[in-house]
Number of protein chains: 2
Amino acid sequence: MSDSNPPFFPVPGVRLASTAAAIRYQERDDLLVLELRPGSVCAAVFTRNAFCAAPVTLARHHLAQCAPRYLLINAGNANAGTGRQGLAAAHASCEALADLADCRAEQVLPFSTGVIGEHLPVERIASALPTALKRLDAAAWPDAARAIMTTDTVPKLRSQRFLLNGQQATVTGIAKGAGMICPDMATMLAFLATDVAIAPELLQHCLQSAADRSFNSITVDGDTSTNDACVLVATGALGNPAVTDAASAEYTAVLSAVETVCTDLATAIVRDAEGATKLVTVEVEEARDHAEARNVAYTVAHSPLVKTALFASDPNWGRILAAVGRAGIDELDIEGVHIDLGDVRIVEAGARASSYTETLGAAVMAKPEILIRILLGRGNAQTRVLTCDFSYDYVRINAEYRS
Amino acid sequence: MSDSNPPFFPVPGVRLASTAAAIRYQERDDLLVLELRPGSVCAAVFTRNAFCAAPVTLARHHLAQCAPRYLLINAGNANAGTGRQGLAAAHASCEALADLADCRAEQVLPFSTGVIGEHLPVERIASALPTALKRLDAAAWPDAARAIMTTDTVPKLRSQRFLLNGQQATVTGIAKGAGMICPDMATMLAFLATDVAIAPELLQHCLQSAADRSFNSITVDGDTSTNDACVLVATGALGNPAVTDAASAEYTAVLSAVETVCTDLATAIVRDAEGATKLVTVEVEEARDHAEARNVAYTVAHSPLVKTALFASDPNWGRILAAVGRAGIDELDIEGVHIDLGDVRIVEAGARASSYTETLGAAVMAKPEILIRILLGRGNAQTRVLTCDFSYDYVRINAEYRS
């Protein structure tokens, strides 16, 4: 791979193939097939957007019926806002793959990312599938990461090895830009696989908790997409006795590896957010409860005024203060609030810190990675959200994209 | 006035004076005094930001004690995030005016707008007050509108005359840019006055309901300021029997005139939002309740993706659809959702309207004023929010302002 992705490990039980179907792009792969070993189990989390795309509806439906054998992913067309015709198109593409692979259409999970509201060219997908199936290869992860890109500038592939009862186990995953910069072309999709054997309900729990701490803790502009999905497959090819106990050391090991891959992919997504020039972590501590902490963190992370100040490297701490103040915290005692920018205290007891100087603030703001730490002084709950700044390029990319 | 404000009418019982105090700006007026006739009653609504500025705290406190005789407003320094020292400074400036005007400090309401976190130069305000008091003039509304400007590009002054029991009554008001573009310099302040006599609790009701439909229904970027305030004075100089009945025709006449002035001023604020190139109205209808309607309207109005598409005149209706979908509506049946862009139906029963073409959409989006109408198909509640687009200039102004 031409980018800076670390080395990866294939996942026994998974083969991948990408190919060019000319769905929207020319001269690049835009169709990806993942083949899963029989007996694989599959967990998934989907967008909560009420206007979820046809493939999301169908993938949920198929997952409820049987264990999948194939994932079918296309870039360039989201098949969203397409009504019943879109649902029929998603189903037809699953059927096309099932016919070739000799399985049931319900054993195929469809995923799409791209422009909203245009009809999916099913024939082009169907025509490209025979080539894809001939290419299936356990080592094709880098090509797979590239095939699902839309406005991403680098492919995103991460891999972890860990010991499970003395055996070497693997988690590998790919992701593409989140529904945050340009969600009609940049839905967040992530596909992870591990070779461990694990009970389906535990796999779902593992994915949900890893996603909450990674993909669900990043934001660029607060817009969530119609197509966001994250899938975790466990092939069982490792041959371990299935992990069934959430309190076991084995489960902890799996969860930790999955969380690491998810967090690395999520961070890569924020770094690659178009127009982003800074990686910003917003930490909220001493909140009364988790919901309050999240609310404050997201209010700050979504504030266009905070984000433009970050772009300008302007230590305009009044904007952070004002964002905290409008987060709707019940009976906030502002004298309990402290705010740090990196290692510089900017707000002390609700007012400008006596030790603060513009020079100190400017030095922190000039860095490419910035930590905003907000202490609310009213409890023990905390949270962390990753975001980026708002630049001219954010407006340019989002204003000019379809033109 | 050099701008396009319509003709205005002085309000009997109110005299105004502005002067240059060099608080932040040079060679322009930045201090405003409003003198109210004895017996005037005063209503006010303030920011809900927990980090409200010192003048907001003090004005609330003073209002609770007695009827004000003076409003004292400065531009260039918000006196926010300044802790107890800020409160002392606000109090000292009220005292300075009270000493000169021979009233109590509690009879002065202070208001500030400008940079957050810098200490208010009370001495400069005190030194400028004698000049201001000598200039008090019932016709000085245009100068007053100019003196409170910060990043505003035009002063905002609106006036209405109406009949009250056969007498000619007046409502006149000024406003400055809302806490939306650059709230550390662009707090929303509005000061209105009428010559009618009206019971204090009815005046408060009138202001609250007019503000909800005007200043509280505009948004540029969702950031609310530490200093926002809106004041309505009733001098009683008209000599009418005081309006005391909320069901009377007299109250309806007053409310209607106040609402008109507030709405005109609020619209002027959105038009003047820095970087704004379009005036956008988001109407939500057929919601289950008012809260639901507001939630959808604000989610669409705050979406950076919708706003950059509006700037680009790109009929990217998928972004509007996605914003509605993530507004968190309980059990939304997407087949009940219809969306219009001006007179073009873009979404029909939750999917792209069959009659829609890009040409139709592009024609609507090219206009300087755009209506987005969202029908939820689940009730009778409705709301309307005014906003603008996000342009390169939004980022430029907010990134470069303090540099």
# chains A, B, ... in the order shown; residues from 1 in each chain; ligands from 1
$ residues_around --residues "stretch 312-323 of chain A" --least-positions-apart "6" --cutoff "6 Å" --atoms "only C-alpha atoms" --output "PDB file with N, CA and C atoms, in the first residue's frame"
ATOM      1  N   VAL A 300     -19.348  21.148  22.463  1.00  0.00           N
ATOM      2  CA  VAL A 300     -18.065  21.795  22.154  1.00  0.00           C
ATOM      3  C   VAL A 300     -17.523  21.286  20.817  1.00  0.00           C
ATOM      4  N   VAL A 306     -16.012  27.199  17.781  1.00  0.00           N
ATOM      5  CA  VAL A 306     -14.824  26.558  18.361  1.00  0.00           C
ATOM      6  C   VAL A 306     -13.964  25.977  17.237  1.00  0.00           C
ATOM      7  N   GLY A 361      -1.582  30.255  25.460  1.00  0.00           N
ATOM      8  CA  GLY A 361      -2.688  29.680  24.699  1.00  0.00           C
ATOM      9  C   GLY A 361      -2.325  29.497  23.232  1.00  0.00           C
ATOM     10  N   ALA A 362      -1.668  30.488  22.660  1.00  0.00           N
ATOM     11  CA  ALA A 362      -1.307  30.425  21.245  1.00  0.00           C
ATOM     12  C   ALA A 362      -0.325  29.284  20.979  1.00  0.00           C
ATOM     13  N   MET A 365      -2.359  26.081  20.815  1.00  0.00           N
ATOM     14  CA  MET A 365      -3.237  26.053  19.659  1.00  0.00           C
ATOM     15  C   MET A 365      -2.470  25.833  18.358  1.00  0.00           C
ATOM     16  N   ALA A 366      -1.197  26.141  18.339  1.00  0.00           N
ATOM     17  CA  ALA A 366      -0.410  25.995  17.118  1.00  0.00           C
ATOM     18  C   ALA A 366      -0.092  24.537  16.819  1.00  0.00           C
TER      19      ALA A 366
ATOM     20  N   ILE B 116     -14.891  38.502  24.822  1.00  0.00           N
ATOM     21  CA  ILE B 116     -15.068  37.829  26.101  1.00  0.00           C
ATOM     22  C   ILE B 116     -13.743  37.785  26.847  1.00  0.00           C
ATOM     23  N   ALA B 399     -12.311  32.632  11.675  1.00  0.00           N
ATOM     24  CA  ALA B 399     -10.947  32.153  11.902  1.00  0.00           C
ATOM     25  C   ALA B 399      -9.999  33.320  12.085  1.00  0.00           C
TER      26      ALA B 399
END
$ residues_around --residues "stretch 229-236 of chain B" --least-positions-apart "2" --cutoff "7 Å" --atoms "only C-alpha atoms" --output "JSON, numbers by chain"
{"B": [13, 36, 37, 39, 40, 41, 42, 43, 44, 45, 46, 47, 188, 189, 190, 191, 192, 193, 194, 195, 196, 197, 198, 207, 227, 238, 239]}
$ write_last_selection --atoms "N, CA and C atoms" --output "compact mmCIF listing (two decimals), in the first residue's frame"
# COMPACT_ATOMS: atom_id res chain seq x y z
N GLY B 13 -41.14 59.81 25.51
CA GLY B 13 -40.74 59.24 26.80
C GLY B 13 -39.35 58.63 26.78
N LEU B 36 -35.21 56.85 30.22
CA LEU B 36 -36.63 56.51 30.20
C LEU B 36 -37.40 57.44 31.13
N ARG B 37 -38.51 57.89 30.65
CA ARG B 37 -39.40 58.77 31.42
C ARG B 37 -39.78 58.09 32.74
N GLY B 39 -41.88 56.47 35.52
CA GLY B 39 -43.14 55.75 35.35
C GLY B 39 -43.09 54.72 34.24
N SER B 40 -41.98 54.70 33.48
CA SER B 40 -41.84 53.68 32.42
C SER B 40 -41.76 52.30 33.06
N VAL B 41 -42.31 51.29 32.35
CA VAL B 41 -42.11 49.92 32.79
C VAL B 41 -41.22 49.20 31.77
N CYS B 42 -40.59 48.15 32.22
CA CYS B 42 -39.54 47.55 31.41
C CYS B 42 -39.62 46.03 31.48
N ALA B 43 -39.62 45.36 30.33
CA ALA B 43 -39.58 43.90 30.28
C ALA B 43 -38.27 43.49 29.63
N ALA B 44 -37.78 42.29 29.96
CA ALA B 44 -36.52 41.85 29.38
C ALA B 44 -36.45 40.34 29.29
N VAL B 45 -35.77 39.85 28.25
CA VAL B 45 -35.41 38.42 28.18
C VAL B 45 -33.90 38.35 27.97
N PHE B 46 -33.30 37.36 28.60
CA PHE B 46 -31.84 37.25 28.61
C PHE B 46 -31.39 35.90 28.08
N THR B 47 -30.11 35.81 27.76
CA THR B 47 -29.50 34.55 27.33
C THR B 47 -29.72 33.46 28.37
N MET B 188 -26.28 39.08 20.46
CA MET B 188 -27.50 39.73 20.01
C MET B 188 -28.05 40.64 21.09
N LEU B 189 -28.18 41.91 20.78
CA LEU B 189 -28.83 42.84 21.69
C LEU B 189 -29.97 43.52 20.93
N ALA B 190 -31.09 43.71 21.59
CA ALA B 190 -32.20 44.44 20.97
C ALA B 190 -32.86 45.30 22.04
N PHE B 191 -33.15 46.54 21.66
CA PHE B 191 -33.80 47.47 22.58
C PHE B 191 -35.00 48.08 21.87
N LEU B 192 -36.18 47.85 22.43
CA LEU B 192 -37.41 48.38 21.84
C LEU B 192 -38.12 49.26 22.86
N ALA B 193 -38.83 50.22 22.32
CA ALA B 193 -39.63 51.06 23.21
C ALA B 193 -40.97 51.38 22.57
N THR B 194 -41.97 51.52 23.42
CA THR B 194 -43.29 51.96 22.96
C THR B 194 -43.79 53.03 23.92
N ASP B 195 -44.70 53.86 23.44
CA ASP B 195 -45.21 54.92 24.31
C ASP B 195 -46.51 54.53 25.00
N VAL B 196 -46.98 53.31 24.77
CA VAL B 196 -48.25 52.93 25.41
C VAL B 196 -48.04 52.68 26.90
N ALA B 197 -49.14 52.79 27.66
CA ALA B 197 -49.13 52.37 29.06
C ALA B 197 -49.66 50.94 29.11
N ILE B 198 -48.98 50.09 29.83
CA ILE B 198 -49.35 48.67 29.86
C ILE B 198 -48.85 48.07 31.17
N LEU B 207 -43.31 40.70 25.27
CA LEU B 207 -41.93 40.59 24.79
C LEU B 207 -41.54 39.13 24.62
N ASN B 227 -24.07 37.03 26.34
CA ASN B 227 -24.57 38.38 26.60
C ASN B 227 -25.93 38.71 25.98
N LEU B 238 -48.10 57.98 25.99
CA LEU B 238 -49.28 58.13 25.14
C LEU B 238 -50.49 58.58 25.95
N GLY B 239 -50.48 58.24 27.25
CA GLY B 239 -51.58 58.67 28.11
C GLY B 239 -52.81 57.79 28.04
$ interface_residues --of "chain A" --to "chain B" --cutoff "6 Å" --atoms "only C-alpha atoms" --output "PDB file with all heavy atoms, in the first residue's frame"
ATOM      1  N   ASN A  49     -30.143   6.836  11.799  1.00  0.00           N
ATOM      2  CA  ASN A  49     -30.882   7.783  10.972  1.00  0.00           C
ATOM      3  C   ASN A  49     -32.187   7.134  10.484  1.00  0.00           C
ATOM      4  O   ASN A  49     -32.179   6.013   9.978  1.00  0.00           O
ATOM      5  CB  ASN A  49     -30.020   8.205   9.774  1.00  0.00           C
ATOM      6  CG  ASN A  49     -30.553   9.457   9.120  1.00  0.00           C
ATOM      7  OD1 ASN A  49     -31.688   9.490   8.649  1.00  0.00           O
ATOM      8  ND2 ASN A  49     -29.742  10.505   9.092  1.00  0.00           N
ATOM      9  N   ALA A  50     -33.307   7.856  10.688  1.00  0.00           N
ATOM     10  CA  ALA A  50     -34.609   7.292  10.317  1.00  0.00           C
ATOM     11  C   ALA A  50     -34.688   7.025   8.816  1.00  0.00           C
ATOM     12  O   ALA A  50     -35.400   6.123   8.375  1.00  0.00           O
ATOM     13  CB  ALA A  50     -35.739   8.228  10.745  1.00  0.00           C
ATOM     14  N   PHE A  51     -33.957   7.832   8.034  1.00  0.00           N
ATOM     15  CA  PHE A  51     -33.937   7.593   6.592  1.00  0.00           C
ATOM     16  C   PHE A  51     -32.790   6.657   6.246  1.00  0.00           C
ATOM     17  O   PHE A  51     -31.900   7.003   5.474  1.00  0.00           O
ATOM     18  CB  PHE A  51     -33.788   8.903   5.824  1.00  0.00           C
ATOM     19  CG  PHE A  51     -35.037   9.708   5.828  1.00  0.00           C
ATOM     20  CD1 PHE A  51     -35.220  10.734   6.735  1.00  0.00           C
ATOM     21  CD2 PHE A  51     -36.069   9.415   4.940  1.00  0.00           C
ATOM     22  CE1 PHE A  51     -36.393  11.477   6.745  1.00  0.00           C
ATOM     23  CE2 PHE A  51     -37.239  10.158   4.949  1.00  0.00           C
ATOM     24  CZ  PHE A  51     -37.401  11.185   5.857  1.00  0.00           C
ATOM     25  N   GLY A  81     -32.707   7.070  -0.028  1.00  0.00           N
ATOM     26  CA  GLY A  81     -33.733   7.974  -0.524  1.00  0.00           C
ATOM     27  C   GLY A  81     -34.308   7.472  -1.831  1.00  0.00           C
ATOM     28  O   GLY A  81     -34.797   8.229  -2.664  1.00  0.00           O
ATOM     29  N   THR A  82     -34.264   6.159  -2.017  1.00  0.00           N
ATOM     30  CA  THR A  82     -34.672   5.567  -3.284  1.00  0.00           C
ATOM     31  C   THR A  82     -35.951   4.733  -3.144  1.00  0.00           C
ATOM     32  O   THR A  82     -36.367   4.078  -4.120  1.00  0.00           O
ATOM     33  CB  THR A  82     -33.541   4.661  -3.822  1.00  0.00           C
ATOM     34  OG1 THR A  82     -33.052   3.845  -2.739  1.00  0.00           O
ATOM     35  CG2 THR A  82     -32.379   5.489  -4.346  1.00  0.00           C
ATOM     36  N   GLY A  83     -36.533   4.727  -1.932  1.00  0.00           N
ATOM     37  CA  GLY A  83     -37.832   4.079  -1.742  1.00  0.00           C
ATOM     38  C   GLY A  83     -37.823   2.586  -2.042  1.00  0.00           C
ATOM     39  O   GLY A  83     -36.814   1.911  -1.886  1.00  0.00           O
ATOM     40  N   ILE A 116     -26.634  10.065  -2.556  1.00  0.00           N
ATOM     41  CA  ILE A 116     -27.987   9.740  -2.124  1.00  0.00           C
ATOM     42  C   ILE A 116     -28.967  10.031  -3.260  1.00  0.00           C
ATOM     43  O   ILE A 116     -28.806  11.012  -3.984  1.00  0.00           O
ATOM     44  CB  ILE A 116     -28.383  10.578  -0.885  1.00  0.00           C
ATOM     45  CG1 ILE A 116     -27.557  10.148   0.334  1.00  0.00           C
ATOM     46  CG2 ILE A 116     -29.870  10.469  -0.566  1.00  0.00           C
ATOM     47  CD1 ILE A 116     -27.886  10.917   1.598  1.00  0.00           C
ATOM     48  N   THR A 308     -13.739  26.785  14.000  1.00  0.00           N
ATOM     49  CA  THR A 308     -13.025  27.757  13.174  1.00  0.00           C
ATOM     50  C   THR A 308     -11.876  28.388  13.968  1.00  0.00           C
ATOM     51  O   THR A 308     -10.824  28.688  13.398  1.00  0.00           O
ATOM     52  CB  THR A 308     -13.964  28.856  12.623  1.00  0.00           C
ATOM     53  OG1 THR A 308     -14.807  29.329  13.676  1.00  0.00           O
ATOM     54  CG2 THR A 308     -14.838  28.328  11.507  1.00  0.00           C
ATOM     55  N   ALA A 309     -12.058  28.562  15.276  1.00  0.00           N
ATOM     56  CA  ALA A 309     -10.950  29.075  16.105  1.00  0.00           C
ATOM     57  C   ALA A 309      -9.798  28.073  16.126  1.00  0.00           C
ATOM     58  O   ALA A 309      -8.631  28.456  16.073  1.00  0.00           O
ATOM     59  CB  ALA A 309     -11.427  29.368  17.529  1.00  0.00           C
ATOM     60  N   ALA A 312      -7.847  28.367  13.037  1.00  0.00           N
ATOM     61  CA  ALA A 312      -7.023  29.572  13.015  1.00  0.00           C
ATOM     62  C   ALA A 312      -5.933  29.547  14.084  1.00  0.00           C
ATOM     63  O   ALA A 312      -5.171  30.498  14.195  1.00  0.00           O
ATOM     64  CB  ALA A 312      -7.909  30.807  13.211  1.00  0.00           C
ATOM     65  N   GLY A 318     -13.057  31.966  25.050  1.00  0.00           N
ATOM     66  CA  GLY A 318     -14.437  32.402  25.315  1.00  0.00           C
ATOM     67  C   GLY A 318     -15.436  31.561  24.542  1.00  0.00           C
ATOM     68  O   GLY A 318     -16.552  31.323  24.991  1.00  0.00           O
ATOM     69  N   GLY A 325     -21.473  26.591  28.338  1.00  0.00           N
ATOM     70  CA  GLY A 325     -22.589  27.280  28.971  1.00  0.00           C
ATOM     71  C   GLY A 325     -23.925  27.029  28.314  1.00  0.00           C
ATOM     72  O   GLY A 325     -24.972  27.126  28.945  1.00  0.00           O
ATOM     73  N   ARG A 326     -23.910  26.702  27.022  1.00  0.00           N
ATOM     74  CA  ARG A 326     -25.191  26.484  26.342  1.00  0.00           C
ATOM     75  C   ARG A 326     -25.513  25.003  26.199  1.00  0.00           C
ATOM     76  O   ARG A 326     -26.448  24.642  25.495  1.00  0.00           O
ATOM     77  CB  ARG A 326     -25.215  27.196  24.996  1.00  0.00           C
ATOM     78  CG  ARG A 326     -24.363  26.570  23.943  1.00  0.00           C
ATOM     79  CD  ARG A 326     -24.404  27.380  22.672  1.00  0.00           C
ATOM     80  NE  ARG A 326     -23.420  26.895  21.746  1.00  0.00           N
ATOM     81  CZ  ARG A 326     -23.611  25.842  20.934  1.00  0.00           C
ATOM     82  NH1 ARG A 326     -24.750  25.198  20.944  1.00  0.00           N
ATOM     83  NH2 ARG A 326     -22.649  25.462  20.131  1.00  0.00           N
ATOM     84  N   ALA A 351     -14.056  31.562  35.248  1.00  0.00           N
ATOM     85  CA  ALA A 351     -13.575  32.803  34.630  1.00  0.00           C
ATOM     86  C   ALA A 351     -12.174  32.565  34.066  1.00  0.00           C
ATOM     87  O   ALA A 351     -11.572  31.522  34.290  1.00  0.00           O
ATOM     88  CB  ALA A 351     -13.560  33.943  35.655  1.00  0.00           C
ATOM     89  N   ARG A 352     -11.659  33.523  33.340  1.00  0.00           N
ATOM     90  CA  ARG A 352     -10.322  33.413  32.764  1.00  0.00           C
ATOM     91  C   ARG A 352      -9.315  33.098  33.870  1.00  0.00           C
ATOM     92  O   ARG A 352      -9.292  33.763  34.907  1.00  0.00           O
ATOM     93  CB  ARG A 352      -9.990  34.757  32.112  1.00  0.00           C
ATOM     94  CG  ARG A 352      -8.614  34.844  31.543  1.00  0.00           C
ATOM     95  CD  ARG A 352      -8.438  36.233  30.949  1.00  0.00           C
ATOM     96  NE  ARG A 352      -7.045  36.490  30.625  1.00  0.00           N
ATOM     97  CZ  ARG A 352      -6.661  37.283  29.640  1.00  0.00           C
ATOM     98  NH1 ARG A 352      -7.558  37.892  28.902  1.00  0.00           N
ATOM     99  NH2 ARG A 352      -5.385  37.488  29.400  1.00  0.00           N
ATOM    100  N   TYR A 392     -11.325  26.367   5.494  1.00  0.00           N
ATOM    101  CA  TYR A 392     -11.860  26.783   4.192  1.00  0.00           C
ATOM    102  C   TYR A 392     -12.192  25.561   3.356  1.00  0.00           C
ATOM    103  O   TYR A 392     -13.182  25.525   2.646  1.00  0.00           O
ATOM    104  CB  TYR A 392     -10.835  27.612   3.418  1.00  0.00           C
ATOM    105  CG  TYR A 392     -10.488  28.914   4.053  1.00  0.00           C
ATOM    106  CD1 TYR A 392      -9.212  29.162   4.507  1.00  0.00           C
ATOM    107  CD2 TYR A 392     -11.458  29.908   4.197  1.00  0.00           C
ATOM    108  CE1 TYR A 392      -8.893  30.376   5.094  1.00  0.00           C
ATOM    109  CE2 TYR A 392     -11.148  31.112   4.794  1.00  0.00           C
ATOM    110  CZ  TYR A 392      -9.867  31.339   5.231  1.00  0.00           C
ATOM    111  OH  TYR A 392      -9.552  32.526   5.813  1.00  0.00           O
ATOM    112  N   ASN A 398     -17.427  20.671   0.595  1.00  0.00           N
ATOM    113  CA  ASN A 398     -18.850  20.394   0.738  1.00  0.00           C
ATOM    114  C   ASN A 398     -19.718  21.262  -0.148  1.00  0.00           C
ATOM    115  O   ASN A 398     -20.838  20.901  -0.480  1.00  0.00           O
ATOM    116  CB  ASN A 398     -19.262  20.525   2.209  1.00  0.00           C
ATOM    117  CG  ASN A 398     -18.812  19.305   2.971  1.00  0.00           C
ATOM    118  OD1 ASN A 398     -19.314  18.219   2.730  1.00  0.00           O
ATOM    119  ND2 ASN A 398     -17.843  19.476   3.852  1.00  0.00           N
ATOM    120  N   ALA A 399     -19.206  22.423  -0.513  1.00  0.00           N
ATOM    121  CA  ALA A 399     -19.975  23.294  -1.393  1.00  0.00           C
ATOM    122  C   ALA A 399     -19.811  22.865  -2.844  1.00  0.00           C
ATOM    123  O   ALA A 399     -20.732  22.954  -3.639  1.00  0.00           O
ATOM    124  CB  ALA A 399     -19.523  24.747  -1.222  1.00  0.00           C
TER     125      ALA A 399
END
$ atom_distance --atom1 "atom CA of B:Trp141" --atom2 "atom CA of B:Ala17"
8.4 Å
$ atom_distance --atom1 "atom CA of A:Ala96" --atom2 "atom CA of A:Pro55"
14.6 Å
$ select_by_dssp --residues "stretch 63-196 of chain A" --states "alpha helix (DSSP H)" --output "mmCIF file with C-alpha atoms, in the first residue's frame"
data_model
loop_
_atom_site.group_PDB
_atom_site.id
_atom_site.type_symbol
_atom_site.label_atom_id
_atom_site.label_comp_id
_atom_site.auth_asym_id
_atom_site.auth_seq_id
_atom_site.Cartn_x
_atom_site.Cartn_y
_atom_site.Cartn_z
ATOM 1 C CA LEU A 63 -29.011 -10.840 9.460
ATOM 2 C CA ALA A 64 -32.148 -11.666 11.437
ATOM 3 C CA GLN A 65 -32.762 -14.723 9.257
ATOM 4 C CA GLY A 83 -37.832 4.079 -1.742
ATOM 5 C CA ARG A 84 -39.136 0.655 -2.714
ATOM 6 C CA GLN A 85 -37.243 0.611 -5.972
ATOM 7 C CA GLY A 86 -34.039 0.938 -3.966
ATOM 8 C CA LEU A 87 -34.975 -1.995 -1.770
ATOM 9 C CA ALA A 88 -35.644 -4.105 -4.863
ATOM 10 C CA ALA A 89 -32.264 -3.079 -6.314
ATOM 11 C CA ALA A 90 -30.420 -4.041 -3.128
ATOM 12 C CA HIS A 91 -32.221 -7.377 -3.123
ATOM 13 C CA ALA A 92 -31.422 -7.987 -6.785
ATOM 14 C CA SER A 93 -27.707 -7.427 -6.188
ATOM 15 C CA CYS A 94 -27.748 -9.916 -3.296
ATOM 16 C CA GLU A 95 -29.516 -12.407 -5.547
ATOM 17 C CA ALA A 96 -26.971 -11.946 -8.308
ATOM 18 C CA LEU A 97 -24.164 -12.850 -5.924
ATOM 19 C CA ALA A 98 -26.133 -15.726 -4.345
ATOM 20 C CA ASP A 99 -26.762 -17.253 -7.801
ATOM 21 C CA LEU A 100 -23.070 -17.222 -8.645
ATOM 22 C CA ALA A 101 -21.934 -18.400 -5.207
ATOM 23 C CA VAL A 122 -27.680 -3.413 -10.449
ATOM 24 C CA GLU A 123 -26.655 -4.715 -13.907
ATOM 25 C CA ARG A 124 -23.167 -3.237 -13.587
ATOM 26 C CA ILE A 125 -22.770 -4.876 -10.183
ATOM 27 C CA ALA A 126 -24.047 -8.205 -11.521
ATOM 28 C CA SER A 127 -21.692 -8.056 -14.505
ATOM 29 C CA ALA A 128 -18.686 -7.399 -12.286
ATOM 30 C CA LEU A 129 -19.391 -10.183 -9.792
ATOM 31 C CA PRO A 130 -17.957 -13.159 -11.751
ATOM 32 C CA THR A 131 -14.565 -11.431 -11.956
ATOM 33 C CA ALA A 132 -14.696 -10.635 -8.247
ATOM 34 C CA LEU A 133 -15.478 -14.203 -7.248
ATOM 35 C CA LYS A 134 -12.536 -15.498 -9.259
ATOM 36 C CA TRP A 141 -7.275 -6.513 2.543
ATOM 37 C CA PRO A 142 -5.288 -3.536 1.150
ATOM 38 C CA ASP A 143 -7.212 -3.592 -2.147
ATOM 39 C CA ALA A 144 -10.431 -3.980 -0.182
ATOM 40 C CA ALA A 145 -9.637 -0.875 1.892
ATOM 41 C CA ARG A 146 -9.121 1.049 -1.342
ATOM 42 C CA ALA A 147 -12.257 -0.218 -3.092
#
$ atom_distance --atom1 "atom CA of A:Ala253" --atom2 "atom CA of A:Pro7"
20.4 Å
$ residues_around --residues "B:Ile218" --least-positions-apart "5" --cutoff "6 Å" --atoms "only C-alpha atoms" --output "MDAnalysis selection string"
chainID B and resid 385:387
$ residues_around --residues "B:Ala297" --least-positions-apart "2" --cutoff "8 Å" --atoms "only C-alpha atoms" --output "ChimeraX atom specification"
/B:282-284,293-295,299-301,383-385
$ select_by_dssp --residues "stretch 99-292 of chain B" --states "strand (DSSP E or B)" --output "PyMOL selection string"
chain B and resi 108-115+137+156-164+167-176+189-194+198+218+229-234+243+279-287
